[in-house]
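Undergrad: One file: data35.txt (compact mmCIF, C-alpha atoms).
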# COMPACT_ATOMS: atom_id res chain seq x y z
CA MET Z 222 2.08 -20.62 10.82
CA LYS Z 223 1.30 -21.17 14.51
CA ILE Z 224 0.14 -17.55 14.64
CA LEU Z 225 -2.26 -18.20 11.76
CA LYS Z 226 -3.70 -21.24 13.56
CA VAL Z 227 -4.21 -19.23 16.75
CA TYR Z 228 -5.78 -16.36 14.77
CA SER Z 229 -8.13 -18.74 12.92
CA SER Z 230 -9.12 -20.57 16.10
CA THR Z 231 -9.83 -17.30 17.90
CA LEU Z 232 -12.02 -16.11 15.02
CA LEU Z 233 -13.97 -19.35 15.02
CA ILE Z 234 -14.65 -19.00 18.75
CA ILE Z 235 -15.74 -15.37 18.32
CA LEU Z 236 -17.96 -16.17 15.35
CA GLY Z 237 -19.49 -19.16 17.09
CA THR Z 238 -20.33 -17.02 20.11
CA LEU Z 239 -21.78 -14.29 17.91
CA SER Z 240 -23.88 -16.74 15.93
CA LEU Z 241 -25.50 -17.89 19.18
CA SER Z 242 -26.12 -14.37 20.44
CA ALA Z 243 -27.18 -12.97 17.07
CA GLN Z 244 -29.83 -15.49 16.10
CA ASN Z 245 -32.18 -14.52 13.26
CA GLN Z 246 -29.64 -11.92 12.08
CA PRO Z 247 -28.22 -12.14 8.55
CA VAL Z 248 -24.71 -13.61 8.49
CA PHE Z 249 -23.81 -13.23 4.81
CA SER Z 250 -25.51 -10.77 2.50
CA ASN Z 251 -24.47 -8.33 -0.23
CA ASN Z 252 -21.03 -10.00 -0.35
CA GLN Z 253 -20.48 -9.12 3.31
CA LEU Z 254 -19.78 -11.49 6.19
CA LYS Z 255 -21.25 -9.51 9.06
CA PHE Z 256 -22.51 -10.33 12.54
CA ASN Z 257 -24.94 -7.86 14.08
CA MET Z 258 -24.62 -7.35 17.82
CA ASN Z 259 -27.84 -5.36 18.26
CA GLU Z 260 -31.18 -5.20 16.52
CA ASP Z 261 -30.49 -2.22 14.25
CA GLY Z 262 -27.03 -3.45 13.22
CA SER Z 263 -25.20 -0.33 14.44
CA HIS Z 264 -23.01 -2.58 16.60
CA TYR Z 265 -21.41 -5.33 14.56
CA ILE Z 266 -18.34 -7.39 13.73
CA GLN Z 267 -17.42 -7.85 10.07
CA MET Z 268 -14.85 -9.95 8.23
CA THR Z 269 -13.25 -9.60 4.80
CA GLY Z 270 -10.72 -11.62 2.82
CA LEU Z 271 -8.49 -11.01 -0.20
CA LEU Z 272 -6.24 -13.12 -2.44
CA GLN Z 273 -4.11 -11.79 -5.32
CA THR Z 274 -2.26 -14.39 -7.43
CA TRP Z 275 0.40 -13.39 -9.97
CA PHE Z 276 1.62 -15.18 -13.08
CA ARG Z 277 4.59 -13.15 -14.26
CA GLY Z 278 7.37 -12.88 -16.81
CA THR Z 279 10.28 -10.59 -15.90
CA GLN Z 280 13.27 -9.21 -17.80
CA MET Z 281 15.97 -9.17 -15.13
CA ASN Z 282 18.40 -6.36 -14.40
CA PRO Z 283 21.99 -7.07 -15.59
CA GLY Z 284 23.91 -9.35 -13.22
CA THR Z 285 20.80 -10.89 -11.63
CA THR Z 286 21.05 -14.34 -10.08
CA ILE Z 287 18.50 -16.80 -8.72
CA SER Z 288 20.01 -19.20 -6.18
CA GLY Z 289 23.43 -18.35 -7.58
CA TYR Z 290 22.52 -18.95 -11.25
CA SER Z 291 22.59 -16.07 -13.73
CA LYS Z 292 19.21 -15.21 -15.22
CA ASP Z 293 18.35 -12.70 -17.95
CA SER Z 294 14.63 -13.45 -17.64
CA TYR Z 295 12.33 -15.63 -15.59
CA THR Z 296 8.68 -16.69 -15.38
CA ASP Z 297 7.11 -17.42 -12.02
CA LEU Z 298 3.86 -17.87 -10.10
CA SER Z 299 3.34 -16.22 -6.71
CA ILE Z 300 0.85 -14.86 -4.20
CA ARG Z 301 1.16 -11.09 -4.09
CA ARG Z 302 -1.22 -10.65 -1.14
CA LEU Z 303 -3.33 -12.75 1.19
CA ARG Z 304 -5.28 -10.76 3.75
CA PHE Z 305 -7.99 -11.27 6.38
CA GLN Z 306 -9.62 -8.33 8.15
CA THR Z 307 -11.77 -8.35 11.25
CA TYR Z 308 -13.30 -5.10 12.45
CA GLY Z 309 -16.30 -3.95 14.40
CA GLN Z 310 -18.25 -1.13 15.93
CA LEU Z 311 -18.42 -2.61 19.41
CA THR Z 312 -20.35 0.27 21.04
CA ASP Z 313 -21.53 3.66 19.86
CA ARG Z 314 -17.99 5.00 20.37
CA VAL Z 315 -15.60 2.03 20.40
CA PHE Z 316 -14.15 0.63 17.15
CA PHE Z 317 -11.77 -2.31 16.71
CA TYR Z 318 -9.72 -3.28 13.66
CA ALA Z 319 -7.21 -6.05 12.91
CA GLN Z 320 -5.67 -7.30 9.68
CA PHE Z 321 -3.66 -10.49 9.26
CA GLY Z 322 -1.98 -11.98 6.23
CA GLN Z 323 1.05 -12.34 4.01
CA ASN Z 324 2.72 -10.57 1.11
CA ASN Z 325 5.01 -11.69 -1.70
CA PHE Z 326 4.91 -15.45 -1.20
CA ASN Z 327 6.96 -16.75 -4.11
CA PHE Z 328 9.13 -19.76 -4.95
CA HIS Z 329 12.06 -18.71 -2.75
CA SER Z 330 10.01 -17.58 0.28
CA ASN Z 331 10.61 -19.34 3.59
CA LYS Z 332 8.29 -22.33 3.83
CA TYR Z 333 5.78 -22.65 6.70
CA GLU Z 334 6.19 -19.04 7.84
CA GLY Z 335 5.55 -15.48 6.74
CA ALA Z 336 2.04 -14.44 7.88
CA PHE Z 337 1.88 -11.52 10.32
CA PHE Z 338 -0.41 -8.86 11.73
CA HIS Z 339 -0.61 -5.81 9.51
CA ASP Z 340 -2.97 -3.82 11.76
CA ALA Z 341 -4.20 -4.02 15.34
CA ILE Z 342 -5.95 -0.93 16.74
CA GLY Z 343 -8.53 0.24 19.21
CA GLU Z 344 -10.31 3.55 18.62
CA PHE Z 345 -12.63 5.82 20.63
CA ALA Z 346 -14.93 8.43 19.09
CA VAL Z 347 -14.59 11.58 21.21
CA VAL Z 348 -16.95 13.51 18.94
CA LYS Z 349 -18.65 11.22 16.46
CA GLN Z 350 -17.45 11.70 12.89
CA LYS Z 351 -15.42 14.79 13.86
CA LEU Z 352 -12.75 13.38 16.20
CA SER Z 353 -11.67 9.82 16.97
CA ILE Z 354 -8.52 8.88 18.86
CA GLY Z 355 -6.83 5.50 18.57
CA GLY Z 356 -3.61 3.60 18.91
CA GLY Z 357 -1.79 0.42 17.95
CA LEU Z 358 -0.14 -0.92 14.81
CA THR Z 359 -1.80 1.07 12.07
CA GLY Z 360 -1.76 2.58 8.59
CA TRP Z 361 -3.10 5.94 9.80
CA SER Z 362 -0.12 7.75 8.32
CA GLY Z 363 0.77 10.90 6.50
CA LEU Z 364 2.17 12.06 3.19
CA ALA Z 365 -0.30 11.12 0.44
CA ARG Z 366 -3.42 9.19 -0.53
CA TYR Z 367 -1.67 5.95 -1.38
CA ALA Z 368 0.70 5.93 1.54
CA SER Z 369 -2.17 3.78 2.86
CA PRO Z 370 -3.91 2.17 -0.13
CA SER Z 371 -6.97 -0.05 -0.12
CA VAL Z 372 -5.35 -3.04 -1.80
CA ALA Z 373 -8.66 -4.60 -2.84
CA SER Z 374 -9.55 -1.68 -5.14
CA ILE Z 375 -6.20 -0.67 -6.71
CA LEU Z 376 -6.57 0.79 -10.21
CA THR Z 377 -3.16 -0.23 -11.55
CA LEU Z 378 -1.09 -3.38 -10.95
CA ASP Z 379 -0.03 -1.97 -7.60
CA ALA Z 380 -0.44 1.24 -5.69
CA PRO Z 381 2.31 3.86 -6.21
CA LEU Z 382 4.58 2.16 -3.69
CA TYR Z 383 7.10 5.02 -3.61
CA GLN Z 384 4.54 6.79 -1.38
CA GLN Z 385 5.13 4.09 1.23
CA ALA Z 386 8.52 5.70 1.67
CA THR Z 387 9.76 3.73 4.71
CA ASN Z 388 7.97 0.44 3.95
CA GLY Z 389 9.90 -2.33 5.68
CA VAL Z 390 12.71 -0.04 6.86
CA ASN Z 391 11.45 1.27 10.21
CA ASP Z 392 7.82 0.13 10.01
CA GLN Z 393 5.94 -3.12 9.38
CA PHE Z 394 4.87 -3.09 5.76
CA LEU Z 395 3.91 0.63 5.98
CA ARG Z 396 2.12 0.18 9.34
CA LYS Z 397 3.52 1.98 12.36
CA LEU Z 398 3.09 1.87 16.11
CA SER Z 399 1.14 5.08 16.53
CA LEU Z 400 -1.19 7.23 18.52
CA TYR Z 401 -3.49 8.95 16.04
CA ALA Z 402 -6.43 11.31 15.67
CA LYS Z 403 -8.72 11.39 12.66
CA GLY Z 404 -12.05 12.80 11.59
CA GLN Z 405 -14.07 14.81 9.14
CA LEU Z 406 -15.03 18.45 9.68
CA GLY Z 407 -17.60 18.99 7.00
CA LYS Z 408 -15.77 18.38 3.72
CA LEU Z 409 -12.32 18.43 5.35
CA ASP Z 410 -10.90 15.00 6.15
CA TYR Z 411 -7.80 14.83 8.39
CA ARG Z 412 -5.45 12.39 10.10
CA ILE Z 413 -2.47 13.09 12.35
CA ALA Z 414 -0.22 10.61 14.13
CA LEU Z 415 2.68 10.36 16.54
CA SER Z 416 4.59 7.21 15.65
CA GLN Z 417 7.33 5.11 17.22
CA PRO Z 418 9.76 4.05 14.47
CA MET Z 419 10.82 0.42 14.65
CA THR Z 420 14.38 -0.91 14.63
CA VAL Z 421 15.83 -0.13 11.21
CA THR Z 422 16.16 -3.14 8.90
CA GLY Z 423 19.69 -3.57 7.62
CA ALA Z 424 21.17 -0.64 9.54
CA THR Z 425 24.90 -0.70 10.26
CA SER Z 426 26.26 -0.02 13.75
CA ALA Z 427 27.84 3.21 12.46
CA PRO Z 428 27.67 5.22 9.22
CA THR Z 429 29.98 3.86 6.54
CA GLY Z 430 30.07 6.63 3.93
CA THR Z 431 29.15 10.18 2.99
CA ARG Z 432 25.77 9.17 1.53
CA PHE Z 433 23.03 9.34 4.15
CA THR Z 434 21.38 6.14 5.37
CA PHE Z 435 18.98 5.39 8.22
CA SER Z 436 20.54 5.78 11.64
CA ASN Z 437 20.78 2.81 14.00
CA GLU Z 438 20.57 5.06 17.08
CA PRO Z 439 17.46 4.95 19.30
CA PRO Z 440 14.94 6.78 17.07
CA LYS Z 441 13.15 10.00 17.82
CA LYS Z 442 9.38 10.00 17.37
CA GLN Z 443 7.87 10.48 13.95
CA LEU Z 444 5.20 13.11 13.23
CA GLN Z 445 2.88 12.68 10.28
CA GLY Z 446 -0.38 13.91 8.89
CA TYR Z 447 -2.56 14.16 5.81
CA VAL Z 448 -5.55 16.38 5.02
CA LYS Z 449 -7.83 16.42 2.02
CA TYR Z 450 -10.75 18.54 0.96
CA MET Z 451 -13.63 16.58 -0.59
CA PHE Z 452 -15.40 18.79 -3.15
CA LEU Z 453 -17.98 16.18 -4.21
CA ASP Z 454 -19.01 12.98 -2.42
CA SER Z 455 -17.41 12.27 0.94
CA GLU Z 456 -15.22 9.20 1.33
CA SER Z 457 -15.34 6.81 4.26
CA ASN Z 458 -12.66 7.15 6.94
CA LEU Z 459 -13.64 4.01 8.83
CA THR Z 460 -10.19 2.54 8.12
CA PRO Z 461 -7.04 4.37 6.97
CA TYR Z 462 -7.02 2.80 3.50
CA SER Z 463 -7.98 4.86 0.44
CA ALA Z 464 -9.87 3.38 -2.50
CA GLY Z 465 -8.17 3.13 -5.87
CA SER Z 466 -11.28 3.09 -8.06
CA TYR Z 467 -14.97 3.33 -7.20
CA LEU Z 468 -16.08 1.85 -10.57
CA GLY Z 469 -18.63 4.59 -11.12
CA ASN Z 470 -20.32 4.19 -7.75
CA LYS Z 471 -19.21 7.59 -6.41
CA SER Z 472 -18.43 11.09 -7.61
CA VAL Z 473 -15.21 12.08 -5.86
CA PHE Z 474 -12.88 15.04 -6.31
CA ASN Z 475 -10.27 15.61 -3.61
CA ILE Z 476 -7.17 17.73 -3.16
CA GLY Z 477 -4.79 16.61 -0.41
CA ALA Z 478 -1.50 17.46 1.28
CA GLY Z 479 0.64 15.56 3.77
CA VAL Z 480 3.93 15.33 5.63
CA ILE Z 481 6.13 12.85 7.50
CA PHE Z 482 8.93 14.21 9.69
CA GLN Z 483 11.49 12.53 11.93
CA LYS Z 484 14.35 14.43 13.52
CA ASP Z 485 17.87 12.98 13.09
CA ALA Z 486 16.52 9.89 11.34
CA MET Z 487 19.53 9.70 9.00
CA TRP Z 488 23.30 9.65 9.44
CA ALA Z 489 26.49 9.81 7.37
CA LEU Z 490 30.19 10.66 7.66
CA ASN Z 491 31.42 14.16 6.86
CA GLY Z 492 34.71 15.00 5.16
CA THR Z 493 36.71 14.46 8.35
CA GLY Z 494 35.08 11.12 9.19
CA GLU Z 495 32.76 12.46 11.87
CA THR Z 496 29.14 11.29 12.19
CA VAL Z 497 26.57 13.88 11.15
CA HIS Z 498 22.77 13.63 11.16
CA SER Z 499 19.94 14.73 8.90
CA ASN Z 500 16.21 14.96 9.45
CA MET Z 501 13.81 12.89 7.36
CA ALA Z 502 11.28 15.32 5.88
CA LEU Z 503 8.77 14.04 3.30
CA TYR Z 504 6.08 16.22 1.70
CA GLY Z 505 3.25 15.42 -0.69
CA LEU Z 506 0.50 17.11 -2.71
CA ASP Z 507 -2.10 15.12 -4.64
CA VAL Z 508 -5.44 15.22 -6.42
CA TYR Z 509 -7.94 12.40 -6.94
CA TYR Z 510 -10.89 12.32 -9.32
CA ASP Z 511 -13.38 9.48 -9.80
CA LYS Z 512 -16.69 10.07 -11.54
CA PRO Z 513 -19.30 8.27 -13.64
CA ILE Z 514 -19.68 9.91 -17.06
CA SER Z 515 -22.63 7.79 -18.22
CA GLU Z 516 -24.72 4.87 -17.00
CA THR Z 517 -22.00 2.43 -18.09
CA ALA Z 518 -18.74 4.44 -18.04
CA ALA Z 519 -16.53 6.16 -15.46
CA ILE Z 520 -13.15 7.88 -15.20
CA THR Z 521 -10.58 7.43 -12.43
CA ALA Z 522 -7.61 9.80 -12.29
CA TYR Z 523 -4.88 10.54 -9.76
CA ALA Z 524 -1.77 12.74 -9.72
CA ALA Z 525 0.81 13.46 -7.03
CA LEU Z 526 3.91 15.56 -6.47
CA THR Z 527 6.27 14.58 -3.66
CA ASN Z 528 9.48 16.00 -2.26
CA TYR Z 529 11.63 13.64 -0.17
CA ASP Z 530 14.60 14.70 1.94
CA PHE Z 531 16.40 11.74 3.50
CA GLY Z 532 19.73 13.55 3.35
CA SER Z 533 22.17 13.83 0.45
CA GLY Z 534 22.61 10.75 -1.73
CA TYR Z 535 19.96 8.52 -0.16
CA ILE Z 536 18.45 5.94 -2.52
CA ARG Z 537 16.49 2.73 -2.11
CA ASN Z 538 16.09 0.12 -4.84
CA ILE Z 539 12.80 -1.77 -4.58
CA GLY Z 540 11.68 -4.80 -6.58
CA VAL Z 541 8.09 -5.73 -5.81
CA ASN Z 542 7.70 -9.45 -5.07
CA ASN Z 543 11.22 -9.77 -6.44
CA PRO Z 544 12.00 -13.16 -8.07
CA ALA Z 545 15.77 -12.55 -7.81
CA THR Z 546 18.00 -13.59 -4.92
CA GLY Z 547 21.23 -11.74 -5.72
CA LEU Z 548 23.78 -10.26 -8.13
CA ASN Z 549 26.99 -11.65 -9.61
CA ALA Z 550 28.15 -8.17 -10.60
CA PRO Z 551 27.50 -4.71 -9.11
CA ASN Z 552 24.30 -3.05 -10.35
CA PRO Z 553 23.30 0.37 -8.96
CA GLY Z 554 19.63 -0.36 -9.73
CA GLY Z 555 19.51 -3.61 -7.79
CA ALA Z 556 18.68 -7.19 -8.75
CA GLY Z 557 15.71 -8.71 -10.57
CA ASN Z 558 12.86 -6.26 -11.18
CA ALA Z 559 14.17 -3.55 -8.82
CA PHE Z 560 14.77 0.09 -9.66
CA PRO Z 561 15.58 3.26 -7.64
CA MET Z 562 12.02 3.80 -6.40
CA VAL Z 563 12.60 5.98 -3.32
CA GLY Z 564 15.26 8.61 -2.73
CA THR Z 565 16.10 12.20 -1.90
CA GLY Z 566 14.54 14.37 -4.59
CA ASN Z 567 11.23 14.97 -6.37
CA THR Z 568 8.70 12.60 -7.92
CA VAL Z 569 5.74 13.20 -10.20
CA TYR Z 570 3.24 10.36 -10.47
CA ALA Z 571 -0.02 10.05 -12.42
CA GLN Z 572 -2.54 7.34 -13.30
CA LEU Z 573 -5.67 7.28 -15.46
CA GLY Z 574 -8.32 4.62 -15.94
CA TYR Z 575 -11.49 4.39 -18.03
CA LEU Z 576 -14.27 1.96 -17.09
CA PHE Z 577 -16.78 0.82 -19.69
CA GLY Z 578 -19.14 -2.01 -20.51
CA GLN Z 579 -22.05 -3.55 -18.68
CA ASN Z 580 -22.27 -7.23 -19.61
CA MET Z 581 -18.99 -7.92 -21.39
CA VAL Z 582 -18.56 -11.69 -21.80
CA THR Z 583 -20.15 -12.37 -18.41
CA GLU Z 584 -23.21 -10.96 -16.66
CA GLY Z 585 -22.08 -7.62 -15.20
CA GLY Z 586 -18.67 -7.88 -16.89
CA LYS Z 587 -16.76 -4.58 -17.28
CA LEU Z 588 -13.37 -3.53 -18.65
CA GLN Z 589 -11.04 -0.84 -17.31
CA PRO Z 590 -7.88 -0.03 -19.30
CA PHE Z 591 -5.36 2.15 -17.47
CA VAL Z 592 -1.99 3.86 -17.70
CA ALA Z 593 0.38 5.04 -14.96
CA VAL Z 594 3.75 6.79 -14.91
CA GLN Z 595 6.34 7.66 -12.25
CA LEU Z 596 9.09 10.19 -12.99
CA SER Z 597 11.67 10.81 -10.27
CA ASN Z 598 14.59 13.21 -10.12
CA TYR Z 599 16.92 11.87 -7.43
CA GLY Z 600 20.35 13.26 -6.65
CA TYR Z 601 21.77 9.74 -6.65
CA THR Z 602 21.26 9.27 -10.40
CA ALA Z 603 22.46 11.55 -13.19
CA ASP Z 604 19.33 10.74 -15.22
CA ASN Z 605 15.70 10.68 -14.19
CA VAL Z 606 14.09 7.46 -12.99
CA SER Z 607 11.01 6.43 -14.97
CA MET Z 608 8.39 3.71 -14.63
CA LEU Z 609 5.49 3.18 -17.04
CA GLU Z 610 2.53 0.83 -16.65
CA LEU Z 611 -0.03 -0.11 -19.30
CA GLY Z 612 -2.79 -2.57 -18.63
CA GLY Z 613 -6.39 -3.31 -17.90
CA ASN Z 614 -8.77 -4.82 -15.36
CA TYR Z 615 -11.62 -7.13 -16.30
CA PHE Z 616 -14.34 -7.22 -13.62
CA ILE Z 617 -16.03 -10.58 -14.11
CA HIS Z 618 -19.18 -9.57 -12.25
CA GLY Z 619 -18.70 -5.80 -12.29
CA SER Z 620 -16.86 -5.40 -8.97
CA HIS Z 621 -13.41 -5.75 -7.43
CA ASN Z 622 -14.48 -9.01 -5.75
CA ASN Z 623 -13.63 -11.06 -8.82
CA LYS Z 624 -11.26 -9.52 -11.35
CA ILE Z 625 -8.46 -10.31 -13.78
CA SER Z 626 -5.70 -7.80 -14.49
CA ALA Z 627 -3.11 -7.84 -17.27
CA VAL Z 628 -0.25 -5.33 -16.94
CA TYR Z 629 3.03 -4.49 -18.65
CA GLN Z 630 5.51 -2.43 -16.63
CA SER Z 631 8.64 -0.79 -18.03
CA ARG Z 632 11.33 0.49 -15.64
CA SER Z 633 14.65 2.32 -15.94
CA VAL Z 634 17.87 0.33 -15.73
CA PHE Z 635 21.05 2.03 -14.49
CA ALA Z 636 24.81 1.55 -14.76
CA ALA Z 637 27.90 3.21 -13.27
CA GLN Z 638 29.83 5.21 -15.87
CA GLY Z 639 32.57 7.77 -15.29
CA GLY Z 640 31.76 8.14 -11.61
CA GLU Z 641 28.04 8.72 -12.27
CA ILE Z 642 24.92 6.55 -12.16
CA VAL Z 643 23.36 6.87 -15.60
CA LYS Z 644 20.34 5.36 -17.33
CA ASP Z 645 21.27 2.30 -19.37
CA GLY Z 646 18.02 1.41 -21.12
CA SER Z 647 14.90 -0.20 -19.68
CA LYS Z 648 13.51 -3.62 -18.77
CA GLY Z 649 9.98 -4.94 -18.74
CA MET Z 650 7.71 -7.12 -16.64
CA PHE Z 651 4.36 -8.66 -17.63
CA VAL Z 652 1.93 -9.70 -14.90
CA LEU Z 653 -1.38 -11.53 -15.13
CA GLN Z 654 -3.21 -11.19 -11.81
CA TYR Z 655 -6.35 -12.87 -10.53
CA GLN Z 656 -8.04 -11.30 -7.50
CA VAL Z 657 -10.86 -12.71 -5.42
CA SER Z 658 -12.18 -11.00 -2.30
CA PHE Z 659 -15.22 -10.72 -0.05
Produce structure tokens that represent the structure in this file.

TA:
Amino acid sequence: MKILKVYSSTLLIILGTLSLSAQNQPVFSNNQLKFNMNEDGSHYIQMTGLLQTWFRGTQMNPGTTISGYSKDSYTDLSIRRLRFQTYGQLTDRVFFYAQFGQNNFNFHSNKYEGAFFHDAIGEFAVVKQKLSIGGGLTGWSGLARYASPSVASILTLDAPLYQQATNGVNDQFLRKLSLYAKGQLGKLDYRIALSQPMTVTGATSAPTGTRFTFSNEPPKKQLQGYVKYMFLDSESNLTPYSAGSYLGNKSVFNIGAGVIFQKDAMWALNGTGETVHSNMALYGLDVYYDKPISETAAITAYAALTNYDFGSGYIRNIGVNNPATGLNAPNPGGAGNAFPMVGTGNTVYAQLGYLFGQNMVTEGGKLQPFVAVQLSNYGYTADNVSMLELGGNYFIHGSHNNKISAVYQSRSVFAAQGGEIVKDGSKGMFVLQYQVSF
């Protein structure tokens, strides 16, 4: 937490200095904490904050343990995300962005530690709007829309996290050390990046089997990019993070395509015990639609098709904010609320939300029921992987700044039978989330 204290102290010094130099300028208005650095406000520093708290009940995968004790189900309270952003247009061409916070703080997290920098970049506009070049630790990445989601405006319980394909493996919670270029050429929005993969988490000193895993050798650079064509309203590209739902405030229809490629990222043993390598090649196509259909109603829809090649047999079980700590018996789907979320193969994902109401219960109150589904065909499993979410968001004052979400998620459970990994039913998880942000 020493880092958090230093970060907070630095911000206080900066804000104190700005408040002296920006007298008679508004500090907080329209739910924005913003310090103008010139008279017209084109040069500024702005701050935002976000907290997402979960109350959850989870049906555990077979064999799950918590602190060594077997558990079929468990109820817990946790902090899914805590974030603070500071960013600013320092001159006509220079932009700065930093994000600090913590994820998945639950009852078995390490006490007194865990917060870290998510983003830290500097950016220069070579040709305003059309071409900006920057570098640092950043979410300017490729593949698909929600490879870099705006977590404050997610439609469903969480973004489709399978699109963050290397999250926590050779990056820092999807962010990567990168040099990037981004811009908008008319209705065409683009981003490209050259990234330095980080040391692989959990990598062995040598491959241990014929299924491909991430190599522990010094990594080759990663190339990535994403382009989208905006048929209706243009979206902001100030930061890399894409909105989940505009709540009827925009008319957006985009089609996008992206790629992430890293040569020799994976390794395995061949039939004679020799080390062989495979490239990591990830491709995505997606479409996003968000449009008001009346004065009080709006539709949000998203669909994506991805093809991942990590090499034969690669799979990664992921349990978001997992309450489990281990297994007392082998389970090919992992412990707790995990399931085979990322692997070599194809995935189809879709989500749909409908916003309605104007003053439901509270002034400005609105309701947004939604549904989402992920279907994955990975070579690792004999049966398809499926995940279904049903739920709704209640916007207490009509915006993402103060909302309650209730979600039920059903996921595939797997077992080893006859030398194959087959589907063995499903398990559920119910989450009640409260989000407050500014």

Undergrad: Counting all atoms listed in the file, figure out which residue out of Z:Leu378, Z:Leu653, Z:Val390, Z:Ala489 gets nearest to Ser426 (chain Z).

TA: Z:Ala489

Undergrad: List every residue of region 285-364 of chain Z that has an atom at most 7 Å from any atom of region 262-270 of chain Z, and for each one report the closest atom pair and its distance in Å to one decimal, counting all atoms listed in the file, with rows sorted by chain and then by increasing residue number, as a tab-separated table.

TA:
residue	atom	partner	partner_atom	distance
Z:Arg304	CA	Z:Gly270	CA	5.6
Z:Phe305	CA	Z:Gly270	CA	4.5
Z:Gln306	CA	Z:Thr269	CA	5.1
Z:Thr307	CA	Z:Met268	CA	4.6
Z:Tyr308	CA	Z:Gln267	CA	5.5
Z:Gly309	CA	Z:Ile266	CA	4.1
Z:Gln310	CA	Z:His264	CA	5.0
Z:Leu311	CA	Z:His264	CA	5.4
Z:Thr312	CA	Z:His264	CA	5.9

Undergrad: Take the residues from that selection and put them in a file with C-alpha atoms, as a compact mmCIF listing (two decimals), keeping the file's coordinate frame.

TA:
# COMPACT_ATOMS: atom_id res chain seq x y z
CA ARG Z 304 -5.28 -10.76 3.75
CA PHE Z 305 -7.99 -11.27 6.38
CA GLN Z 306 -9.62 -8.33 8.15
CA THR Z 307 -11.77 -8.35 11.25
CA TYR Z 308 -13.30 -5.10 12.45
CA GLY Z 309 -16.30 -3.95 14.40
CA GLN Z 310 -18.25 -1.13 15.93
CA LEU Z 311 -18.42 -2.61 19.41
CA THR Z 312 -20.35 0.27 21.04

Undergrad: May I ask for the distance between CA of Tyr629 (chain Z) and CA of Val473 (chain Z), given in Å to one decimal place?

TA: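 A separation of 27.8 Å between them.
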
Undergrad: What separation in Å, quoted to one decimal, exists between CA of Asp410 (chain Z) and CA of Met451 (chain Z)?

TA: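 These atoms are spaced 7.4 Å apart.
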
Undergrad: Go ahead and compute the interatomic distance for CA of Asn259 (chain Z) and CA of Val347 (chain Z), in Å to one decimal.

TA: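 Computing it gives 21.7 Å between the two atoms.
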
Undergrad: Would you mind putting N, CA, C and O atoms back on region 596-605 of chain Z and writing the result as a CSV table (one decimal), keeping the file's coordinate frame?

TA:
chain,number,residue,atom,x,y,z
Z,596,LEU,N,7.9,9.5,-12.6
Z,596,LEU,CA,9.1,10.2,-13.0
Z,596,LEU,C,9.7,10.8,-11.8
Z,596,LEU,O,9.1,11.6,-11.1
Z,597,SER,N,11.0,10.4,-11.5
Z,597,SER,CA,11.7,10.8,-10.3
Z,597,SER,C,13.0,11.4,-10.6
Z,597,SER,O,13.8,10.9,-11.5
Z,598,ASN,N,13.3,12.5,-10.0
Z,598,ASN,CA,14.6,13.2,-10.1
Z,598,ASN,C,15.3,13.1,-8.8
Z,598,ASN,O,15.1,13.9,-7.9
Z,599,TYR,N,16.2,12.1,-8.7
Z,599,TYR,CA,16.9,11.9,-7.4
Z,599,TYR,C,18.4,12.3,-7.6
Z,599,TYR,O,19.0,12.1,-8.7
Z,600,GLY,N,19.0,12.8,-6.6
Z,600,GLY,CA,20.4,13.3,-6.6
Z,600,GLY,C,21.3,12.1,-6.9
Z,600,GLY,O,22.4,12.3,-7.4
Z,601,TYR,N,20.9,10.9,-6.5
Z,601,TYR,CA,21.8,9.7,-6.6
Z,601,TYR,C,22.1,9.4,-8.1
Z,601,TYR,O,23.2,8.9,-8.4
Z,602,THR,N,21.1,9.6,-9.0
Z,602,THR,CA,21.3,9.3,-10.4
Z,602,THR,C,21.4,10.5,-11.3
Z,602,THR,O,20.8,11.5,-11.0
Z,603,ALA,N,22.3,10.4,-12.3
Z,603,ALA,CA,22.5,11.6,-13.2
Z,603,ALA,C,21.3,11.7,-14.1
Z,603,ALA,O,21.0,12.9,-14.5
Z,604,ASP,N,20.5,10.7,-14.4
Z,604,ASP,CA,19.3,10.7,-15.2
Z,604,ASP,C,18.1,10.5,-14.4
Z,604,ASP,O,18.2,9.8,-13.3
Z,605,ASN,N,17.0,10.9,-14.9
Z,605,ASN,CA,15.7,10.7,-14.2
Z,605,ASN,C,15.3,9.2,-14.2
Z,605,ASN,O,15.7,8.4,-15.1
